[in-house]
$ cat target_0.txt   # compact mmCIF, C-alpha atoms
# COMPACT_ATOMS: atom_id res chain seq x y z
CA VAL A 1 22.34 152.76 131.13
CA GLU A 2 22.61 152.98 127.35
CA SER A 3 19.11 154.46 127.07
CA VAL A 4 20.00 157.14 129.62
CA ARG A 5 23.18 157.99 127.70
CA ALA A 6 21.25 158.20 124.44
CA ALA A 7 18.59 160.46 125.97
CA HIS A 8 21.20 162.93 127.22
CA ALA A 9 23.81 162.58 124.50
CA ASP A 10 23.34 166.20 123.35
CA GLU A 11 23.29 167.73 126.83
CA PRO A 12 26.10 170.21 127.57
CA ARG A 13 28.71 168.93 130.01
CA GLU A 14 27.84 171.71 132.47
CA ALA A 15 24.18 170.64 132.48
CA VAL A 16 25.08 167.02 133.20
CA LEU A 17 27.45 167.95 136.03
CA GLY A 18 24.86 170.32 137.44
CA ALA A 19 22.21 167.60 137.45
CA LEU A 20 24.58 165.21 139.19
CA GLN A 21 25.35 167.81 141.83
CA ARG A 22 21.65 168.46 142.46
CA GLN A 23 21.00 164.74 142.78
CA GLY A 24 23.86 164.47 145.25
CA GLU A 25 22.49 167.35 147.31
CA GLU A 26 19.03 165.77 147.34
CA MET A 27 20.51 162.46 148.46
CA ALA A 28 22.51 164.16 151.21
CA SER A 29 19.37 165.97 152.37
CA TRP A 30 17.43 162.69 152.50
CA LEU A 31 20.21 160.92 154.42
CA ALA A 32 20.16 163.70 157.01
CA SER A 33 16.38 163.49 157.41
CA PRO A 34 14.40 161.36 159.91
CA GLU A 35 12.86 159.48 156.97
CA ALA A 36 16.20 157.88 156.18
CA ASP A 37 16.18 155.97 159.48
CA ALA A 38 12.97 154.18 158.55
CA ASP A 39 13.18 154.10 154.77
CA GLY A 40 16.81 152.97 154.92
CA LEU A 41 15.73 149.60 156.32
CA LEU A 42 13.36 148.87 153.45
CA PRO A 43 14.47 145.77 151.48
CA VAL A 44 15.69 146.29 147.92
CA ALA A 45 16.87 143.86 145.26
CA SER A 46 20.57 143.77 144.41
CA MET A 47 23.15 141.50 142.82
CA LEU A 48 23.78 140.23 146.35
CA GLY A 49 20.14 139.39 146.90
CA THR A 50 17.71 141.35 149.08
CA ILE A 51 19.45 143.85 151.36
CA PRO A 52 18.37 147.05 153.16
CA LEU A 53 18.34 150.28 151.14
CA LEU A 54 21.06 151.97 153.20
CA THR A 55 23.31 148.93 152.91
CA PHE A 56 22.74 149.02 149.15
CA LEU A 57 23.87 152.67 149.13
CA HIS A 58 26.86 151.86 151.32
CA ALA A 59 27.82 148.99 149.02
CA SER A 60 27.72 151.35 146.02
CA THR A 61 30.59 153.38 147.47
CA TYR A 62 32.93 150.39 147.11
CA PRO A 63 33.07 150.24 143.27
CA LEU A 64 33.39 154.03 143.25
CA ALA A 65 36.39 153.77 145.56
CA THR A 66 38.12 151.03 143.58
CA SER A 67 37.46 152.89 140.31
CA ALA A 68 38.92 156.00 141.90
CA LEU A 69 42.11 154.07 142.63
CA ASP A 70 42.34 153.24 138.92
CA LEU A 71 41.94 156.92 138.06
CA GLU A 72 44.56 157.80 140.67
CA GLN A 73 47.10 155.71 138.80
CA ALA A 74 46.32 157.85 135.75
CA GLY A 75 47.11 161.00 137.69
CA ALA A 76 43.69 161.97 139.04
CA ASP A 77 43.21 163.36 142.54
CA VAL A 78 41.18 160.98 144.69
CA PRO A 79 39.39 162.19 147.83
CA ASP A 80 40.55 160.18 150.84
CA GLU A 81 36.99 160.36 152.17
CA LEU A 82 35.74 158.34 149.19
CA LEU A 83 38.29 155.60 149.88
CA ARG A 84 37.32 155.48 153.55
CA LEU A 85 33.63 155.29 152.65
CA GLY A 86 34.35 152.46 150.22
CA LEU A 87 36.08 150.47 152.93
CA VAL A 88 33.27 151.03 155.43
CA GLY A 89 30.80 150.10 152.68
CA VAL A 90 32.46 146.70 152.37
CA LEU A 91 32.20 146.17 156.12
CA ASP A 92 28.53 147.11 156.25
CA THR A 93 27.74 144.84 153.32
CA MET A 94 29.52 141.94 154.98
CA GLY A 95 27.64 142.60 158.21
CA ALA A 96 24.27 142.61 156.46
CA LEU A 97 25.04 139.43 154.57
CA ALA A 98 26.47 137.67 157.64
CA SER A 99 23.29 138.54 159.54
CA ARG A 100 21.16 137.28 156.66
CA GLN A 101 23.08 133.99 156.68
CA GLY A 102 22.56 133.62 160.44
CA LEU A 103 26.25 134.01 161.30
CA MET A 104 27.72 135.26 164.57
CA ALA A 105 30.79 137.16 163.41
CA SER A 106 32.71 140.40 163.72
CA LEU A 107 35.45 142.14 161.82
CA THR A 108 37.44 145.30 162.43
CA VAL A 109 39.70 147.08 159.99
CA VAL A 110 42.43 149.32 161.34
CA THR A 111 44.29 151.72 159.07
CA PRO A 112 46.36 154.85 159.65
CA GLU A 113 43.36 156.81 158.34
CA ILE A 114 40.38 155.09 159.96
CA ALA A 115 39.27 152.28 162.24
CA ALA A 116 35.86 150.71 161.69
CA GLY A 117 34.14 147.51 162.65
CA MET A 118 31.04 145.43 162.15
CA GLY A 119 29.37 142.88 164.38
CA ALA A 120 26.71 140.51 163.11
CA MET A 121 24.24 138.08 164.57
CA PRO A 122 21.14 136.43 163.09
CA ARG A 123 18.72 139.14 161.92
CA ASP A 124 20.83 142.05 163.17
CA TRP A 125 24.20 143.73 162.70
CA ARG A 126 25.95 147.04 163.34
CA THR A 127 28.69 148.89 161.49
CA ALA A 128 30.48 151.88 162.98
CA GLU A 129 33.67 153.89 162.93
CA ILE A 130 35.57 153.48 166.18
CA ASP A 131 38.50 155.04 167.96
CA ALA A 132 41.70 153.16 167.20
CA ALA A 133 42.47 153.15 170.93
CA ASP A 134 39.27 151.18 171.56
CA VAL A 135 40.09 148.33 169.16
CA GLY A 136 40.03 145.06 171.03
CA ASP A 137 41.57 141.66 170.38
CA GLY A 138 38.87 140.28 168.08
CA PRO A 139 39.11 139.48 164.36
CA ARG A 140 40.76 142.37 162.58
CA ILE A 141 42.78 143.30 159.54
CA GLU A 142 45.38 146.05 159.61
CA GLY A 143 46.83 147.94 156.66
CA PRO A 144 46.57 151.18 154.66
CA VAL A 145 43.17 151.96 153.13
CA ARG A 146 44.52 151.71 149.59
CA THR A 147 46.09 148.32 150.31
CA LEU A 148 42.89 146.97 151.84
CA LEU A 149 40.81 148.16 148.89
CA ASP A 150 43.27 146.58 146.46
CA VAL A 151 43.10 143.35 148.45
CA THR A 152 39.30 143.30 148.42
CA ALA A 153 39.35 143.90 144.67
CA GLY A 154 41.73 140.99 144.17
CA ARG A 155 44.46 143.30 142.88
CA ALA A 156 46.96 142.75 145.69
CA ASP A 157 49.03 139.71 146.60
CA VAL A 158 47.99 138.91 150.19
CA PRO A 159 51.01 136.76 151.18
CA ARG A 160 53.38 139.32 149.68
CA ALA A 161 51.63 142.19 151.48
CA MET A 162 51.85 140.21 154.73
CA ALA A 163 55.56 139.55 154.18
CA ALA A 164 56.12 143.27 153.54
CA LYS A 165 54.19 144.04 156.75
CA GLU A 166 51.64 146.07 154.79
CA LEU A 167 48.89 143.72 155.89
CA ALA A 168 48.28 141.87 159.14
CA PHE A 169 45.54 139.50 160.33
CA HIS A 170 44.57 138.98 163.97
CA ASP A 171 42.33 136.33 165.55
CA VAL A 172 42.34 133.98 162.59
CA PRO A 173 39.63 131.64 163.98
CA GLY A 174 37.32 134.63 164.36
CA LEU A 175 38.12 135.77 160.84
CA LEU A 176 37.29 132.35 159.47
CA ALA A 177 33.79 132.66 160.93
CA LEU A 178 33.08 134.75 157.82
CA ALA A 179 34.19 131.95 155.50
CA PRO A 180 30.57 130.82 154.74
CA LEU A 181 30.03 134.13 152.95
CA VAL A 182 32.63 133.09 150.39
CA GLU A 183 30.67 129.96 149.55
CA GLN A 184 27.13 131.28 149.84
CA VAL A 185 27.40 134.82 148.43
CA PRO A 186 29.66 134.67 145.34
CA GLY A 187 29.05 138.31 144.38
CA ILE A 188 30.02 139.82 147.72
CA PRO A 189 32.38 142.84 147.56
CA GLY A 190 35.71 141.73 148.93
CA ARG A 191 35.10 138.05 148.17
CA GLY A 192 38.52 137.83 146.55
CA ALA A 193 40.06 139.21 149.71
CA LEU A 194 38.27 136.68 151.88
CA VAL A 195 39.37 133.82 149.67
CA ALA A 196 42.97 135.06 149.55
CA SER A 197 42.99 135.84 153.26
CA ILE A 198 41.67 132.43 154.21
CA ARG A 199 44.26 130.75 152.01
CA ALA A 200 47.02 132.96 153.37
CA VAL A 201 46.20 132.49 157.03
CA ASN A 202 45.71 128.76 156.54
CA ALA A 203 49.11 128.59 154.87
CA VAL A 204 50.70 130.55 157.70
CA GLY A 205 48.97 128.31 160.25
CA SER A 206 50.20 125.19 158.47
CA LEU A 207 53.74 126.55 158.42
CA VAL A 208 53.65 127.40 162.13
CA ARG A 209 52.41 123.91 162.98
CA MET A 210 55.39 122.44 161.10
CA LEU A 211 57.89 124.35 163.20
CA PRO A 212 59.18 122.79 166.45
CA PHE A 213 57.67 125.46 168.68
CA GLY A 214 54.32 125.10 166.92
CA ARG A 215 53.90 121.39 167.64
CA ARG A 216 51.74 120.06 170.45

$ encode --input "target_0.txt" --output "structure tokens"
Amino acid sequence: VESVRAAHADEPREAVLGALQRQGEEMASWLASPEADADGLLPVASMLGTIPLLTFLHASTYPLATSALDLEQAGADVPDELLRLGLVGVLDTMGALASRQGLMASLTVVTPEIAAGMGAMPRDWRTAEIDAADVGDGPRIEGPVRTLLDVTAGRADVPRAMAAKELAFHDVPGLLALAPLVEQVPGIPGRGALVASIRAVNAVGSLVRMLPFGRR
């Protein structure tokens, strides 16, 4: 990164922005091409280990989205589409890693802006946006996109968000099927959220079991 900055230190701002725009257009053109379907499955190295190229690109939208939230607090305008892509990027990354670990798991996120889900099995997974009306009763997390991104980044208090009804978990046993990712993939985007979520839902479950109507 430093060598790239040094090589272009004297470039006019307009030239740098123009180059970035051209690169973005080339990337968009590639993604829309038939080659992306095949090339996107090629394995690439990442901080999370070997993952498919398209999943690597999806995962890269997550730090962009969380950084955008920081800029938003400083008064910058943040495209809602970037935040949605960041959230879907987390889901796709989790699906790829769950598949790699041989897990059978699913997770849906439901927000006022978007509903998306992933389903994973050994050696295969799928991530897709879905109609909110088609969301079933499986493992899911509900909340605003910004809240969910803050939770995944470890910047939100999960129990407090649950108490304020900004965050809700459904099908806790299904959600806990993703717990091995916390232990086996320490660099996973959203790891903090998984840890906090597991602790929160376990605490809620323990509290319910202590109440008279929760005893068996």

$ closest_residue --input "target_0.txt" --among "A:Pro34, A:Gly24, A:Pro159, A:Gly117" --to "A:Ile130" --atoms "all atoms listed in the file"
A:Gly117

$ atom_distance --input "target_0.txt" --atom1 "atom CA of A:Thr127" --atom2 "atom CA of A:Gln21"
27.5 Å

$ closest_residue --input "target_0.txt" --among "A:Ala28, A:Leu97, A:Val172, A:Ala7" --to "A:Pro52" --atoms "all atoms listed in the file"
A:Leu97

$ residues_around --input "target_0.txt" --residues "stretch 133-150 of chain A" --least-positions-apart "3" --cutoff "6 Å" --atoms "all atoms listed in the file" --output "mmCIF file with C-alpha atoms, keeping the file's coordinate frame"
data_model
loop_
_atom_site.group_PDB
_atom_site.id
_atom_site.type_symbol
_atom_site.label_atom_id
_atom_site.label_comp_id
_atom_site.auth_asym_id
_atom_site.auth_seq_id
_atom_site.Cartn_x
_atom_site.Cartn_y
_atom_site.Cartn_z
ATOM 1 C CA LEU A 107 35.450 142.140 161.820
ATOM 2 C CA THR A 108 37.440 145.300 162.430
ATOM 3 C CA VAL A 109 39.700 147.080 159.990
ATOM 4 C CA VAL A 110 42.430 149.320 161.340
ATOM 5 C CA THR A 111 44.290 151.720 159.070
ATOM 6 C CA ALA A 153 39.350 143.900 144.670
ATOM 7 C CA ARG A 155 44.460 143.300 142.880
ATOM 8 C CA ALA A 156 46.960 142.750 145.690
ATOM 9 C CA GLU A 166 51.640 146.070 154.790
ATOM 10 C CA LEU A 167 48.890 143.720 155.890
ATOM 11 C CA ALA A 168 48.280 141.870 159.140
ATOM 12 C CA PHE A 169 45.540 139.500 160.330
ATOM 13 C CA HIS A 170 44.570 138.980 163.970
ATOM 14 C CA ASP A 171 42.330 136.330 165.550
ATOM 15 C CA GLY A 174 37.320 134.630 164.360
ATOM 16 C CA LEU A 175 38.120 135.770 160.840
#

$ closest_residue --input "target_0.txt" --among "A:Trp125, A:Leu42, A:Ser33, A:Ala179" --to "A:Leu54" --atoms "only C-alpha atoms"
A:Leu42

$ atom_distance --input "target_0.txt" --atom1 "atom CA of A:Leu83" --atom2 "atom CA of A:Asp70"
11.9 Å

$ atom_distance --input "target_0.txt" --atom1 "atom CA of A:Lys165" --atom2 "atom CA of A:Ala98"
28.5 Å

$ closest_residue --input "target_0.txt" --among "A:Gly40, A:Pro79, A:Gly89, A:Gly18" --to "A:His58" --atoms "all atoms listed in the file"
A:Gly89

$ build_atoms --input "target_0.txt" --residues "stretch 161-178 of chain A" --atoms "N, CA, C and O atoms" --output "mmCIF file, in the frame of the given file"
data_model
loop_
_atom_site.group_PDB
_atom_site.id
_atom_site.type_symbol
_atom_site.label_atom_id
_atom_site.label_comp_id
_atom_site.auth_asym_id
_atom_site.auth_seq_id
_atom_site.Cartn_x
_atom_site.Cartn_y
_atom_site.Cartn_z
ATOM 1 N N ALA A 161 51.922 141.027 150.639
ATOM 2 C CA ALA A 161 51.630 142.190 151.480
ATOM 3 C C ALA A 161 51.878 141.865 152.953
ATOM 4 O O ALA A 161 52.353 142.718 153.713
ATOM 5 N N MET A 162 51.583 140.622 153.346
ATOM 6 C CA MET A 162 51.850 140.210 154.730
ATOM 7 C C MET A 162 53.360 140.158 154.984
ATOM 8 O O MET A 162 53.832 140.610 156.031
ATOM 9 N N ALA A 163 54.110 139.639 154.016
ATOM 10 C CA ALA A 163 55.560 139.550 154.180
ATOM 11 C C ALA A 163 56.192 140.934 154.261
ATOM 12 O O ALA A 163 57.180 141.143 154.980
ATOM 13 N N ALA A 164 55.615 141.903 153.524
ATOM 14 C CA ALA A 164 56.120 143.270 153.540
ATOM 15 C C ALA A 164 55.583 144.067 154.719
ATOM 16 O O ALA A 164 55.861 145.263 154.850
ATOM 17 N N LYS A 165 54.796 143.418 155.573
ATOM 18 C CA LYS A 165 54.190 144.040 156.750
ATOM 19 C C LYS A 165 53.265 145.194 156.379
ATOM 20 O O LYS A 165 53.093 146.142 157.153
ATOM 21 N N GLU A 166 52.664 145.105 155.191
ATOM 22 C CA GLU A 166 51.640 146.070 154.790
ATOM 23 C C GLU A 166 50.255 145.585 155.191
ATOM 24 O O GLU A 166 49.290 146.355 155.124
ATOM 25 N N LEU A 167 50.179 144.335 155.590
ATOM 26 C CA LEU A 167 48.890 143.720 155.890
ATOM 27 C C LEU A 167 49.090 142.748 157.047
ATOM 28 O O LEU A 167 50.080 142.007 157.075
ATOM 29 N N ALA A 168 48.181 142.780 158.004
ATOM 30 C CA ALA A 168 48.280 141.870 159.140
ATOM 31 C C ALA A 168 46.894 141.393 159.532
ATOM 32 O O ALA A 168 45.924 142.159 159.493
ATOM 33 N N PHE A 169 46.793 140.106 159.891
ATOM 34 C CA PHE A 169 45.540 139.500 160.330
ATOM 35 C C PHE A 169 45.672 139.127 161.800
ATOM 36 O O PHE A 169 46.710 138.638 162.232
ATOM 37 N N HIS A 170 44.589 139.323 162.546
ATOM 38 C CA HIS A 170 44.570 138.980 163.970
ATOM 39 C C HIS A 170 43.303 138.186 164.269
ATOM 40 O O HIS A 170 42.244 138.460 163.708
ATOM 41 N N ASP A 171 43.428 137.226 165.180
ATOM 42 C CA ASP A 171 42.330 136.330 165.550
ATOM 43 C C ASP A 171 41.823 135.594 164.318
ATOM 44 O O ASP A 171 40.699 135.794 163.858
ATOM 45 N N VAL A 172 42.672 134.725 163.805
ATOM 46 C CA VAL A 172 42.340 133.980 162.590
ATOM 47 C C VAL A 172 41.076 133.138 162.743
ATOM 48 O O VAL A 172 40.221 133.138 161.851
ATOM 49 N N PRO A 173 40.890 132.405 163.858
ATOM 50 C CA PRO A 173 39.630 131.640 163.980
ATOM 51 C C PRO A 173 38.399 132.525 163.875
ATOM 52 O O PRO A 173 37.398 132.138 163.270
ATOM 53 N N GLY A 174 38.446 133.717 164.469
ATOM 54 C CA GLY A 174 37.320 134.630 164.360
ATOM 55 C C GLY A 174 37.113 135.099 162.936
ATOM 56 O O GLY A 174 35.973 135.255 162.469
ATOM 57 N N LEU A 175 38.202 135.352 162.241
ATOM 58 C CA LEU A 175 38.120 135.770 160.840
ATOM 59 C C LEU A 175 37.481 134.697 159.982
ATOM 60 O O LEU A 175 36.670 134.984 159.091
ATOM 61 N N LEU A 176 37.824 133.449 160.270
ATOM 62 C CA LEU A 176 37.290 132.350 159.470
ATOM 63 C C LEU A 176 35.804 132.120 159.708
ATOM 64 O O LEU A 176 35.163 131.377 158.958
ATOM 65 N N ALA A 177 35.221 132.763 160.721
ATOM 66 C CA ALA A 177 33.790 132.660 160.930
ATOM 67 C C ALA A 177 33.019 133.272 159.761
ATOM 68 O O ALA A 177 31.838 132.975 159.555
ATOM 69 N N LEU A 178 33.703 134.135 158.983
ATOM 70 C CA LEU A 178 33.080 134.750 157.820
ATOM 71 C C LEU A 178 33.233 133.899 156.557
ATOM 72 O O LEU A 178 32.710 134.261 155.508
#
